[in-house]
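Containing CSV, C-alpha atoms: target.csv.
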chain,number,residue,atom,x,y,z
A,282,MET,CA,0.0,0.0,0.0
A,283,LYS,CA,1.0,3.6,-0.6
A,284,LEU,CA,-0.6,6.7,0.8
A,285,TYR,CA,-1.0,10.0,-1.1
A,286,SER,CA,-1.3,12.7,1.5
A,287,SER,CA,-1.1,16.5,2.1
A,288,MET,CA,-1.9,19.2,4.6
A,289,GLY,CA,-5.5,19.4,5.9
A,290,PRO,CA,-7.9,17.7,8.3
A,291,ASN,CA,-8.8,14.8,5.9
A,292,PRO,CA,-5.2,13.5,5.6
A,293,ALA,CA,-4.8,14.1,9.3
A,294,VAL,CA,-7.6,11.6,10.0
A,295,VAL,CA,-5.8,8.8,8.2
A,296,THR,CA,-2.4,9.7,9.7
A,297,MET,CA,-3.8,9.6,13.2
A,298,PHE,CA,-5.6,6.3,12.4
A,299,LEU,CA,-2.3,4.8,11.3
A,300,ALA,CA,-0.6,6.1,14.4
A,301,GLU,CA,-3.3,4.4,16.6
A,302,LYS,CA,-2.7,1.2,14.7
A,303,GLY,CA,1.0,1.5,15.2
A,304,ALA,CA,1.5,1.3,11.5
A,305,GLU,CA,3.4,3.4,8.9
A,306,LEU,CA,2.9,3.4,5.1
A,307,PRO,CA,5.1,4.7,2.3
A,308,THR,CA,3.7,8.2,1.7
A,309,GLU,CA,3.9,10.6,-1.2
A,310,LYS,CA,3.0,14.2,-0.6
A,311,VAL,CA,0.8,16.0,-3.1
A,312,ASP,CA,1.0,19.8,-3.4
A,313,LEU,CA,-2.5,20.9,-2.4
A,314,MET,CA,-1.7,24.6,-2.3
A,315,GLY,CA,-0.3,24.4,-5.8
A,316,GLY,CA,-3.3,22.5,-7.1
A,317,GLU,CA,-1.5,19.3,-8.0
A,318,ASN,CA,-4.5,17.4,-6.7
A,319,ARG,CA,-6.8,18.9,-9.3
A,320,GLN,CA,-4.6,17.9,-12.3
A,321,ALA,CA,-3.5,14.7,-14.0
A,322,PRO,CA,-2.0,12.3,-12.9
A,323,TYR,CA,-3.5,12.7,-9.5
A,324,VAL,CA,-7.1,12.9,-10.8
A,325,ALA,CA,-6.7,9.6,-12.5
A,326,LYS,CA,-6.1,8.1,-9.1
A,327,ASN,CA,-8.9,10.0,-7.3
A,328,PRO,CA,-11.4,11.6,-9.7
A,329,ALA,CA,-12.7,13.7,-6.8
A,330,GLY,CA,-9.4,15.5,-6.7
A,331,GLN,CA,-9.2,15.3,-3.0
A,332,LEU,CA,-6.6,14.1,-0.5
A,333,PRO,CA,-5.8,11.6,0.9
A,334,CYS,CA,-6.0,8.5,-1.4
A,335,LEU,CA,-4.6,5.1,-0.8
A,336,GLU,CA,-3.0,3.0,-3.5
A,337,LEU,CA,-3.8,-0.7,-2.9
A,338,ASP,CA,-1.5,-3.6,-3.6
A,339,ASP,CA,-3.5,-4.4,-6.8
A,340,GLY,CA,-2.7,-0.9,-8.1
A,341,SER,CA,-6.3,0.4,-7.6
A,342,HIS,CA,-7.0,3.6,-5.6
A,343,LEU,CA,-9.2,4.1,-2.7
A,344,ALA,CA,-10.5,7.5,-1.6
A,345,GLU,CA,-12.8,8.9,1.1
A,346,ILE,CA,-11.4,8.9,4.6
A,347,THR,CA,-14.0,6.7,6.2
A,348,ALA,CA,-13.5,4.0,3.5
A,349,ILE,CA,-9.7,4.2,3.8
A,350,CYS,CA,-9.8,3.9,7.6
A,351,GLU,CA,-12.3,0.9,7.5
A,352,TYR,CA,-10.0,-0.7,5.0
A,353,LEU,CA,-6.9,-0.1,7.1
A,354,ASP,CA,-8.7,-1.4,10.1
A,355,GLU,CA,-9.5,-4.7,8.3
A,356,LYS,CA,-6.0,-5.1,6.9
A,357,LEU,CA,-3.7,-4.1,9.7
A,358,PRO,CA,-3.2,-6.1,12.9
A,359,GLY,CA,-4.1,-4.9,16.4
A,360,PRO,CA,-7.4,-3.9,18.1
A,361,SER,CA,-10.1,-2.6,15.9
A,362,LEU,CA,-10.9,1.2,15.8
A,363,ILE,CA,-14.2,0.4,14.3
A,364,GLY,CA,-15.4,-2.4,16.6
A,365,ALA,CA,-15.1,-6.1,17.5
A,366,THR,CA,-18.8,-7.0,17.1
A,367,PRO,CA,-21.5,-6.0,14.6
A,368,GLU,CA,-23.1,-3.9,17.4
A,369,GLU,CA,-19.8,-2.1,18.1
A,370,ARG,CA,-19.1,-1.5,14.5
A,371,ALA,CA,-22.7,-0.2,14.0
A,372,ALA,CA,-22.3,2.2,16.9
A,373,THR,CA,-19.0,3.5,15.6
A,374,ARG,CA,-20.4,4.0,12.1
A,375,MET,CA,-23.5,5.8,13.5
A,376,TRP,CA,-21.3,8.3,15.3
A,377,VAL,CA,-18.9,8.7,12.4
A,378,ARG,CA,-21.7,9.7,10.1
A,379,ARG,CA,-23.3,12.0,12.6
A,380,ILE,CA,-19.9,13.8,13.1
A,381,ASP,CA,-19.2,13.7,9.4
A,382,LEU,CA,-22.5,15.2,8.2
A,383,ASN,CA,-23.3,17.5,11.1
A,384,ILE,CA,-19.9,18.8,12.1
A,385,CYS,CA,-17.0,18.1,9.7
A,386,GLU,CA,-18.9,19.1,6.6
A,387,PRO,CA,-20.4,22.4,7.7
A,388,LEU,CA,-17.2,23.4,9.6
A,389,THR,CA,-15.1,22.7,6.5
A,390,SER,CA,-17.5,24.3,4.0
A,391,GLY,CA,-17.8,27.3,6.3
A,392,PHE,CA,-14.0,27.7,6.1
A,393,ARG,CA,-13.8,27.1,2.3
A,394,TYR,CA,-16.6,29.6,1.6
A,395,ALA,CA,-15.0,32.3,3.8
A,396,GLU,CA,-11.3,32.3,4.9
A,397,GLY,CA,-10.5,29.6,2.3
A,398,LEU,CA,-12.4,31.3,-0.5
A,399,PRO,CA,-9.3,32.7,-2.4
A,400,LEU,CA,-8.0,29.2,-2.7
A,401,PHE,CA,-11.2,27.3,-3.3
A,402,GLN,CA,-13.3,29.5,-5.5
A,403,SER,CA,-11.5,28.5,-8.7
A,404,ARG,CA,-11.6,24.8,-7.7
A,405,MET,CA,-15.2,24.1,-6.7
A,406,ARG,CA,-18.6,25.7,-6.4
A,407,THR,CA,-18.4,27.9,-3.4
A,408,ILE,CA,-21.4,29.4,-1.5
A,409,PRO,CA,-19.9,32.4,0.3
A,410,HIS,CA,-23.4,33.7,1.5
A,411,ALA,CA,-23.8,30.4,3.4
A,412,ALA,CA,-20.5,30.5,5.3
A,413,GLY,CA,-21.8,32.1,8.5
A,414,ASP,CA,-24.8,29.8,8.8
A,415,LEU,CA,-22.6,26.7,8.1
A,416,LYS,CA,-20.2,27.7,10.9
A,417,GLU,CA,-23.1,28.3,13.3
A,418,LEU,CA,-24.6,24.9,12.3
A,419,ALA,CA,-21.4,23.1,13.1
A,420,GLN,CA,-21.3,24.9,16.5
A,421,GLU,CA,-25.0,24.0,17.2
A,422,LYS,CA,-24.3,20.4,16.5
A,423,LEU,CA,-21.2,20.4,18.7
A,424,THR,CA,-23.3,21.7,21.5
A,425,TRP,CA,-25.9,18.9,20.8
A,426,LEU,CA,-23.0,16.4,20.9
A,427,ASP,CA,-21.7,17.9,24.1
A,428,GLY,CA,-25.0,17.1,25.8
A,429,LEU,CA,-24.7,13.5,24.6
A,430,MET,CA,-21.1,13.2,25.8
A,431,THR,CA,-22.1,13.4,29.5
A,432,GLY,CA,-20.4,10.5,31.3
A,433,LYS,CA,-18.7,9.2,28.3
A,434,THR,CA,-14.9,8.9,27.9
A,435,TRP,CA,-15.0,8.7,24.1
A,436,VAL,CA,-17.7,9.4,21.5
A,437,ALA,CA,-18.8,5.8,21.3
A,438,GLY,CA,-18.5,5.2,25.1
A,439,GLU,CA,-15.5,3.4,26.6
A,440,ARG,CA,-14.0,2.5,23.2
A,441,PHE,CA,-11.7,4.9,21.4
A,442,THR,CA,-12.8,4.8,17.7
A,443,LEU,CA,-12.6,6.4,14.3
A,444,ALA,CA,-15.4,8.7,15.5
A,445,ASP,CA,-13.0,10.3,18.0
A,446,ILE,CA,-10.2,10.6,15.4
A,447,MET,CA,-12.5,12.3,12.9
A,448,LEU,CA,-14.0,14.8,15.4
A,449,PHE,CA,-10.5,15.6,16.9
A,450,CYS,CA,-8.8,16.2,13.5
A,451,PHE,CA,-11.6,18.5,12.3
A,452,LEU,CA,-11.9,20.4,15.6
A,453,GLN,CA,-8.1,20.8,15.7
A,454,PHE,CA,-8.3,22.2,12.1
A,455,GLY,CA,-11.3,24.4,13.0
A,456,ALA,CA,-9.4,26.1,15.8
A,457,THR,CA,-6.7,27.2,13.3
A,458,VAL,CA,-9.2,28.8,10.9
A,459,GLY,CA,-11.4,30.9,13.3
A,460,GLN,CA,-13.7,28.2,14.6
A,461,PRO,CA,-12.3,27.5,18.1
A,462,LEU,CA,-13.7,25.2,20.7
A,463,ASN,CA,-16.6,26.7,22.6
A,464,PRO,CA,-15.5,26.7,26.3
A,465,GLU,CA,-19.1,26.2,27.3
A,466,ASN,CA,-19.1,22.7,25.8
A,467,LYS,CA,-17.3,21.3,28.8
A,468,ASN,CA,-17.6,17.7,27.9
A,469,ILE,CA,-16.1,18.3,24.4
A,470,VAL,CA,-13.3,20.4,25.9
A,471,ALA,CA,-12.4,17.7,28.4
A,472,TRP,CA,-12.7,15.0,25.7
A,473,PHE,CA,-10.5,17.1,23.4
A,474,GLU,CA,-7.7,17.2,26.0
A,475,ARG,CA,-8.0,13.4,26.5
A,476,VAL,CA,-7.6,12.8,22.8
A,477,LYS,CA,-4.7,15.3,22.6
A,478,ALA,CA,-2.8,13.5,25.4
A,479,ARG,CA,-3.5,10.1,23.8
A,480,ALA,CA,-2.4,11.3,20.3
A,481,GLY,CA,0.9,12.7,21.8
A,482,GLU,CA,1.7,9.2,23.1
A,483,LYS,CA,0.8,7.4,19.9
A,484,ALA,CA,2.4,9.8,17.4
A,485,PRO,CA,5.5,8.5,15.5
A,486,ALA,CA,8.7,10.0,17.0
B,344,MET,CA,-35.0,-6.2,15.7
B,345,LYS,CA,-37.6,-3.6,15.0
B,346,LEU,CA,-37.6,-0.7,12.5
B,347,TYR,CA,-38.9,2.7,13.2
B,348,SER,CA,-39.7,4.2,9.8
B,349,SER,CA,-41.6,7.0,7.9
B,350,MET,CA,-42.0,8.6,4.6
B,351,GLY,CA,-38.9,10.1,3.0
B,352,PRO,CA,-35.7,9.0,1.1
B,353,ASN,CA,-33.8,7.9,4.2
B,354,PRO,CA,-36.3,5.3,5.3
B,355,ALA,CA,-36.7,4.3,1.7
B,356,VAL,CA,-33.0,3.3,1.6
B,357,VAL,CA,-33.4,0.8,4.5
B,358,THR,CA,-36.6,-0.5,3.1
B,359,MET,CA,-35.0,-1.2,-0.3
B,360,PHE,CA,-32.0,-2.7,1.4
B,361,LEU,CA,-34.2,-5.1,3.3
B,362,ALA,CA,-36.1,-6.0,0.1
B,363,GLU,CA,-32.7,-6.8,-1.6
B,364,LYS,CA,-31.8,-9.0,1.3
B,365,GLY,CA,-35.2,-10.7,1.0
B,366,ALA,CA,-35.9,-9.8,4.7
B,367,GLU,CA,-38.8,-8.2,6.5
B,368,LEU,CA,-38.7,-6.6,10.0
B,369,PRO,CA,-41.5,-5.6,12.4
B,370,THR,CA,-42.0,-1.9,11.6
B,371,GLU,CA,-43.5,1.0,13.5
B,372,LYS,CA,-44.4,4.1,11.5
B,373,VAL,CA,-43.5,7.5,13.1
B,374,ASP,CA,-45.5,10.5,12.1
B,375,LEU,CA,-42.9,12.7,10.4
B,376,MET,CA,-45.4,15.4,9.2
B,377,GLY,CA,-46.8,15.7,12.7
B,378,GLY,CA,-43.4,16.1,14.2
B,379,GLU,CA,-43.6,12.9,16.3
B,380,ASN,CA,-39.9,12.3,15.5
B,381,ARG,CA,-38.9,15.5,17.3
B,382,GLN,CA,-40.5,14.7,20.5
B,383,ALA,CA,-40.1,12.2,23.4
B,384,PRO,CA,-40.2,9.2,23.3
B,385,TYR,CA,-38.7,9.0,19.8
B,386,VAL,CA,-35.9,11.4,20.6
B,387,ALA,CA,-34.8,9.1,23.4
B,388,LYS,CA,-34.3,6.4,20.8
B,389,ASN,CA,-32.6,8.7,18.2
B,390,PRO,CA,-31.4,12.0,19.7
B,391,ALA,CA,-30.9,13.3,16.2
B,392,GLY,CA,-34.7,13.2,15.8
B,393,GLN,CA,-34.5,11.6,12.3
B,394,LEU,CA,-35.9,8.5,10.7
B,395,PRO,CA,-35.3,5.6,10.3
B,396,CYS,CA,-33.9,4.0,13.5
B,397,LEU,CA,-33.4,0.4,14.2
B,398,GLU,CA,-34.1,-1.2,17.6
B,399,LEU,CA,-31.6,-3.9,18.2
B,400,ASP,CA,-32.3,-7.1,20.2
B,401,ASP,CA,-30.5,-5.8,23.2
B,402,GLY,CA,-32.9,-2.8,23.3
B,403,SER,CA,-30.4,-0.3,22.1
B,404,HIS,CA,-31.1,1.9,19.1
B,405,LEU,CA,-29.1,2.4,15.9
B,406,ALA,CA,-29.5,5.4,13.7
B,407,GLU,CA,-27.9,6.7,10.4
B,408,ILE,CA,-28.8,4.8,7.3
B,409,THR,CA,-25.3,3.7,6.3
B,410,ALA,CA,-24.7,2.3,9.8
B,411,ILE,CA,-28.1,0.5,9.8
B,412,CYS,CA,-27.5,-1.0,6.3
B,413,GLU,CA,-24.0,-2.2,7.2
B,414,TYR,CA,-25.4,-3.8,10.4
B,415,LEU,CA,-28.3,-5.5,8.5
B,416,ASP,CA,-25.7,-6.7,5.9
B,417,GLU,CA,-23.7,-8.3,8.7
B,418,LYS,CA,-26.6,-9.9,10.5
B,419,LEU,CA,-28.9,-11.1,7.7
B,420,PRO,CA,-28.1,-14.0,5.4
B,421,GLY,CA,-27.5,-13.8,1.7
B,422,PRO,CA,-25.1,-12.1,-0.6
B,423,SER,CA,-23.5,-9.0,0.8
B,424,LEU,CA,-24.6,-5.6,-0.5
B,425,ILE,CA,-21.4,-4.0,0.9
B,426,GLY,CA,-18.8,-6.5,-0.4
B,427,ALA,CA,-17.3,-10.0,0.1
B,428,THR,CA,-13.7,-8.9,0.5
B,429,PRO,CA,-11.9,-5.9,2.1
B,430,GLU,CA,-11.3,-4.4,-1.3
B,431,GLU,CA,-15.0,-4.8,-2.4
B,432,ARG,CA,-16.2,-3.3,1.0
B,433,ALA,CA,-13.7,-0.4,0.6
B,434,ALA,CA,-14.9,0.4,-2.9
B,435,THR,CA,-18.6,0.3,-1.8
B,436,ARG,CA,-17.9,2.6,1.2
B,437,MET,CA,-16.0,5.0,-1.0
B,438,TRP,CA,-18.9,5.3,-3.4
B,439,VAL,CA,-21.4,5.5,-0.6
B,440,ARG,CA,-19.6,8.5,1.0
B,441,ARG,CA,-19.2,10.3,-2.4
B,442,ILE,CA,-22.9,9.9,-3.1
B,443,ASP,CA,-23.9,10.8,0.5
B,444,LEU,CA,-21.8,14.0,0.8
B,445,ASN,CA,-21.9,15.2,-2.9
B,446,ILE,CA,-25.4,14.3,-4.0
B,447,CYS,CA,-27.8,13.2,-1.2
B,448,GLU,CA,-26.9,16.0,1.2
B,449,PRO,CA,-27.1,19.0,-1.1
B,450,LEU,CA,-30.2,17.6,-2.9
B,451,THR,CA,-32.0,17.1,0.4
B,452,SER,CA,-30.8,20.4,1.9
B,453,GLY,CA,-31.8,22.2,-1.3
B,454,PHE,CA,-35.3,20.8,-0.8
B,455,ARG,CA,-35.5,21.5,2.9
B,456,TYR,CA,-34.4,25.1,2.4
B,457,ALA,CA,-36.9,25.8,-0.4
B,458,GLU,CA,-39.9,23.6,-1.1
B,459,GLY,CA,-39.6,22.0,2.3
B,460,LEU,CA,-39.1,25.2,4.2
B,461,PRO,CA,-42.6,25.5,5.7
B,462,LEU,CA,-42.1,22.1,7.4
B,463,PHE,CA,-38.4,22.3,8.3
B,464,GLN,CA,-37.8,25.9,9.4
B,465,SER,CA,-39.3,25.3,12.9
B,466,ARG,CA,-37.3,22.1,13.3
B,467,MET,CA,-33.7,22.9,12.2
B,468,ARG,CA,-31.4,25.7,11.1
B,469,THR,CA,-32.4,26.3,7.5
B,470,ILE,CA,-30.3,28.3,5.0
B,471,PRO,CA,-32.9,29.4,2.4
B,472,HIS,CA,-30.4,31.6,0.6
B,473,ALA,CA,-28.2,28.6,-0.2
B,474,ALA,CA,-31.0,26.4,-1.6
B,475,GLY,CA,-30.4,27.2,-5.3
B,476,ASP,CA,-26.6,26.7,-5.0
B,477,LEU,CA,-27.1,23.4,-3.2
B,478,LYS,CA,-29.4,22.1,-5.9
B,479,GLU,CA,-27.0,23.1,-8.6
B,480,LEU,CA,-24.2,21.4,-6.6
B,481,ALA,CA,-26.1,18.1,-6.5
B,482,GLN,CA,-26.6,18.4,-10.3
B,483,GLU,CA,-23.0,19.1,-11.0
B,484,LYS,CA,-21.9,16.1,-8.9
B,485,LEU,CA,-24.4,14.0,-10.7
B,486,THR,CA,-22.9,15.0,-14.0
B,487,TRP,CA,-19.4,14.2,-12.6
B,488,LEU,CA,-20.7,10.8,-11.6
B,489,ASP,CA,-22.3,10.3,-15.0
B,490,GLY,CA,-18.9,10.5,-16.6
B,491,LEU,CA,-17.5,8.0,-14.2
B,492,MET,CA,-20.4,5.6,-14.9
B,493,THR,CA,-19.3,5.0,-18.5
B,494,GLY,CA,-19.2,1.2,-19.1
B,495,LYS,CA,-20.4,0.4,-15.6
B,496,THR,CA,-23.6,-1.6,-14.8
B,497,TRP,CA,-23.8,-0.4,-11.2
B,498,VAL,CA,-22.0,2.4,-9.3
B,499,ALA,CA,-19.3,0.1,-7.9
B,500,GLY,CA,-19.0,-1.8,-11.2
B,501,GLU,CA,-20.6,-5.2,-11.7
B,502,ARG,CA,-21.8,-5.5,-8.1
B,503,PHE,CA,-25.1,-4.1,-7.0
B,504,THR,CA,-24.4,-2.4,-3.7
B,505,LEU,CA,-25.6,0.0,-1.0
B,506,ALA,CA,-24.2,2.8,-3.2
B,507,ASP,CA,-26.9,2.1,-5.9
B,508,ILE,CA,-29.6,1.9,-3.3
B,509,MET,CA,-28.7,5.3,-1.8
B,510,LEU,CA,-28.4,7.1,-5.1
B,511,PHE,CA,-31.6,5.6,-6.4
B,512,CYS,CA,-33.7,6.5,-3.4
B,513,PHE,CA,-32.5,10.0,-3.3
B,514,LEU,CA,-32.8,10.6,-7.0
B,515,GLN,CA,-36.3,9.1,-6.9
B,516,PHE,CA,-37.2,11.5,-4.1
B,517,GLY,CA,-35.5,14.5,-5.9
B,518,ALA,CA,-37.7,13.9,-8.9
B,519,THR,CA,-40.8,14.4,-6.8
B,520,VAL,CA,-39.6,17.8,-5.3
B,521,GLY,CA,-38.5,19.6,-8.4
B,522,GLN,CA,-35.0,18.1,-8.9
B,523,PRO,CA,-35.7,15.7,-11.8
B,524,LEU,CA,-33.0,13.5,-13.6
B,525,ASN,CA,-31.0,15.5,-16.1
B,526,PRO,CA,-31.7,13.7,-19.5
B,527,GLU,CA,-28.2,14.6,-20.6
B,528,ASN,CA,-26.7,12.3,-18.0
B,529,LYS,CA,-27.3,9.3,-20.2
B,530,ASN,CA,-25.4,6.9,-18.1
B,531,ILE,CA,-27.3,7.8,-14.9
B,532,VAL,CA,-30.7,7.7,-16.8
B,533,ALA,CA,-29.9,4.2,-18.1
B,534,TRP,CA,-28.6,3.1,-14.6
B,535,PHE,CA,-31.8,4.5,-13.0
B,536,GLU,CA,-34.0,2.4,-15.3
B,537,ARG,CA,-31.9,-0.7,-14.4
B,538,VAL,CA,-32.4,-0.1,-10.7
B,539,LYS,CA,-36.1,0.6,-11.1
B,540,ALA,CA,-36.6,-2.7,-13.0
B,541,ARG,CA,-34.6,-4.6,-10.3
B,542,ALA,CA,-36.4,-2.9,-7.4
B,543,GLY,CA,-39.8,-3.9,-9.0
B,544,GLU,CA,-38.7,-7.5,-8.9
B,545,LYS,CA,-37.4,-7.4,-5.4
B,546,ALA,CA,-40.2,-5.3,-3.7
B,547,PRO,CA,-42.4,-7.1,-1.2
B,548,ALA,CA,-45.8,-7.9,-2.8
What is this file in structure tokens?
Amino acid sequence: MKLYSSMGPNPAVVTMFLAEKGAELPTEKVDLMGGENRQAPYVAKNPAGQLPCLELDDGSHLAEITAICEYLDEKLPGPSLIGATPEERAATRMWVRRIDLNICEPLTSGFRYAEGLPLFQSRMRTIPHAAGDLKELAQEKLTWLDGLMTGKTWVAGERFTLADIMLFCFLQFGATVGQPLNPENKNIVAWFERVKARAGEKAPA
Amino acid sequence: MKLYSSMGPNPAVVTMFLAEKGAELPTEKVDLMGGENRQAPYVAKNPAGQLPCLELDDGSHLAEITAICEYLDEKLPGPSLIGATPEERAATRMWVRRIDLNICEPLTSGFRYAEGLPLFQSRMRTIPHAAGDLKELAQEKLTWLDGLMTGKTWVAGERFTLADIMLFCFLQFGATVGQPLNPENKNIVAWFERVKARAGEKAPA
């Protein structure tokens, strides 16, 4: 396998997932700022033009972070970050999709349509007049999630999963582009510190 | 297991998935138009207040259509609609997420923020000034997908998968709310007819 990666929260999810699995992959950096990801030959690998993308051993290419992480979880040894039973896997996938649609997407679109507009407006349809609402939507859903985190160590309960990795990477990114953690979301703030401490221990030296 | 269901494209995905598996589940209808899904006791089952939701045999509740379908695929007999190998499952999940984020979400939000506004504006943050752009975004991504469908029978190739079910149910819904199929997307139009014929054969009498 070979990983095509870059800056940004999506590649960070796969990098953190690999660190949790204690694995490393040959990695080729793609120049996102220079738009290398929107041109051949990268688009032949991932026609969505986004990073990251995983080259499989049969030469095919796999995109979309949730699909890449599920695949790595199946292929790499060690405890699963999705789940050990159908019920655990189901719960993880439920939380992953809630976080993906309700938080990651509006947070990232809010950035792309505002602070990120100079970079993204020539690459995709941008909706600048929706940026403010999208950022507020992400914050509302975070506050909703905060209420559901009461008494839980990780998003899916006592298991650290892909749901934690996705939420962490996107919130860490958000904080760098004007969407900081809301200090009133005390469960999320405490959870964020737990993930940060854990990630520090797992990160490759 | 017991399914909580209603009208709408999301419940349709699970219903069609079950028909493909040749399975039926005890089903309780929730009154979406009357807002029963936004009140207790339904919100105790699914705090996102959305349909469908699956009650598992241990009494817990599973929401989010992709998670429900993955769970049903693991639990029910018969050929998998996700995939038989890690590589097949990965490809299905990649296409499911592309369709989910790029087509289902903007199509549905475009409806909720325009034609659906009278129903949804009291239930969620709506962004009416983004409705037109979101509908165009869904159409652009459909045209992108149309190009990638050249020579393929189903979205993931020769396998009929959850990706086909999701795309079909949301496009079928879109056509009823002012977002019809674009006849220029000839691959999608032909694929849609193939799924419709197949669904007719699989549907419960």
Go through stretch 443-495 of chain B and flag each residue having an atom no more than 12 Å from stretch 521-538 of chain B; for those, report the closest pair of atoms plus their distance in Å to one decimal, using only C-alpha atoms, ordered by chain and rising number, as a Markdown table.
| residue | atom | partner | partner_atom | distance |
| --- | --- | --- | --- | --- |
| B:Ile446 | CA | B:Gln522 | CA | 11.4 |
| B:Cys447 | CA | B:Gln522 | CA | 11.6 |
| B:Pro449 | CA | B:Gln522 | CA | 11.1 |
| B:Leu450 | CA | B:Gln522 | CA | 7.7 |
| B:Thr451 | CA | B:Gln522 | CA | 9.8 |
| B:Ser452 | CA | B:Gln522 | CA | 11.8 |
| B:Gly453 | CA | B:Gln522 | CA | 9.2 |
| B:Phe454 | CA | B:Gly521 | CA | 8.3 |
| B:Arg455 | CA | B:Gly521 | CA | 11.8 |
| B:Ala457 | CA | B:Gly521 | CA | 10.2 |
| B:Glu458 | CA | B:Gly521 | CA | 8.4 |
| B:Gly459 | CA | B:Gly521 | CA | 11.0 |
| B:Ala474 | CA | B:Gln522 | CA | 11.8 |
| B:Gly475 | CA | B:Gln522 | CA | 10.8 |
| B:Leu477 | CA | B:Gln522 | CA | 11.1 |
| B:Lys478 | CA | B:Gln522 | CA | 7.5 |
| B:Glu479 | CA | B:Gln522 | CA | 9.4 |
| B:Leu480 | CA | B:Gln522 | CA | 11.5 |
| B:Ala481 | CA | B:Gln522 | CA | 9.2 |
| B:Gln482 | CA | B:Asn525 | CA | 7.8 |
| B:Glu483 | CA | B:Asn525 | CA | 10.1 |
| B:Lys484 | CA | B:Asn528 | CA | 11.0 |
| B:Leu485 | CA | B:Asn528 | CA | 7.8 |
| B:Thr486 | CA | B:Asn528 | CA | 6.1 |
| B:Trp487 | CA | B:Asn528 | CA | 9.3 |
| B:Leu488 | CA | B:Ile531 | CA | 8.0 |
| B:Asp489 | CA | B:Asn530 | CA | 5.5 |
| B:Gly490 | CA | B:Asn530 | CA | 7.6 |
| B:Leu491 | CA | B:Asn530 | CA | 8.9 |
| B:Met492 | CA | B:Asn530 | CA | 6.1 |
| B:Thr493 | CA | B:Asn530 | CA | 6.4 |
| B:Gly494 | CA | B:Asn530 | CA | 8.5 |
| B:Lys495 | CA | B:Asn530 | CA | 8.6 |
Exercise for the section: Using only C-alpha atoms, determine which residues of chain A fall within 8 Å of chain B; present them as number ranges by chain. Expected result: A: 343-345, 347-349, 351-352, 355-356, 367-368, 370-372, 374-375, 378-379, 382, 406, 408, 410-411, 414, 418
Practice task
With a distance cut-off of 12 Å and all atoms listed in the file, select the neighbouring residues of B:Lys388, excluding the residue or stretch itself and same-chain residues fewer than 3 positions from it, and output the selection as a list in words.
Solution key: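 So the residues in contact are Leu346, Tyr347, Asn380, Arg381, Gln382, Ala383, Pro384, Tyr385, Ala391, Gly392, Gln393, Leu394, Pro395, Cys396, Leu397, Glu398, Leu399, Gly402, Ser403, His404, Leu405 and Ala406 of chain B.
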Exercise for the section: Using only C-alpha atoms, find the one residue out of A:Ala293, A:Asp338, A:Leu313, A:Asn327 that sits nearest to A:Phe449. Expected result: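 The answer is A:Ala293, which sits nearest to A:Phe449.
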Exercise for the section: Please indicate the distance in Å from atom CA of B:Lys545 to atom CA of B:Thr519, rounded to one decimal place. Expected result: 22.1 Å
Exercise for the section: Go ahead and compute the interatomic distance for atom CA of A:Cys450 and atom CA of A:Pro290, in Å to one decimal. Expected result: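 Calculated distance between atom CA of A:Cys450 and atom CA of A:Pro290 is 5.5 Å.
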So that all listed atoms of stretch 448-457 of chain B fit with 5 Å spare on each side, what axis-aligned box centre and edge lengths in Å, to one decimal, would you give as JSON?
{"center_x": -31.9, "center_y": 20.9, "center_z": 0.0, "size_x": 20.0, "size_y": 19.8, "size_z": 15.8}
Handout entry: Atom pair atom CA of B:Tyr456 / atom CA of B:Asn353: separation (Å)
Key = 17.3 Å
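Each of B:Met359, B:Ala387, B:Pro354, B:Val498 was checked against B:Arg541 using all atoms listed in the file; the smallest atom-to-atom distance is that of B:Met359.
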Starting from the incomplete input, reconstruct N, CA, C and O atoms of stretch 363-368 of chain A and report them as a PDB file, in the coordinates of the input.
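This is the output file rebuild10.pdb:
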ATOM      1  N   ILE A 363     -12.839   0.330  14.721  1.00  0.00           N
ATOM      2  CA  ILE A 363     -14.200   0.400  14.300  1.00  0.00           C
ATOM      3  C   ILE A 363     -15.070  -0.389  15.319  1.00  0.00           C
ATOM      4  O   ILE A 363     -16.010   0.167  15.898  1.00  0.00           O
ATOM      5  N   GLY A 364     -14.720  -1.636  15.569  1.00  0.00           N
ATOM      6  CA  GLY A 364     -15.400  -2.400  16.600  1.00  0.00           C
ATOM      7  C   GLY A 364     -15.195  -3.886  16.419  1.00  0.00           C
ATOM      8  O   GLY A 364     -14.901  -4.356  15.314  1.00  0.00           O
ATOM      9  N   ALA A 365     -15.371  -4.634  17.506  1.00  0.00           N
ATOM     10  CA  ALA A 365     -15.100  -6.100  17.500  1.00  0.00           C
ATOM     11  C   ALA A 365     -16.331  -6.909  17.208  1.00  0.00           C
ATOM     12  O   ALA A 365     -16.228  -8.094  16.907  1.00  0.00           O
ATOM     13  N   THR A 366     -17.508  -6.318  17.299  1.00  0.00           N
ATOM     14  CA  THR A 366     -18.800  -7.000  17.100  1.00  0.00           C
ATOM     15  C   THR A 366     -19.624  -6.198  16.097  1.00  0.00           C
ATOM     16  O   THR A 366     -19.379  -4.999  15.926  1.00  0.00           O
ATOM     17  N   PRO A 367     -20.638  -6.829  15.477  1.00  0.00           N
ATOM     18  CA  PRO A 367     -21.500  -6.000  14.600  1.00  0.00           C
ATOM     19  C   PRO A 367     -22.144  -4.841  15.347  1.00  0.00           C
ATOM     20  O   PRO A 367     -22.283  -3.765  14.767  1.00  0.00           O
ATOM     21  N   GLU A 368     -22.462  -5.027  16.637  1.00  0.00           N
ATOM     22  CA  GLU A 368     -23.100  -3.900  17.400  1.00  0.00           C
ATOM     23  C   GLU A 368     -22.081  -2.799  17.635  1.00  0.00           C
ATOM     24  O   GLU A 368     -22.423  -1.621  17.536  1.00  0.00           O
TER      25      GLU A 368
END
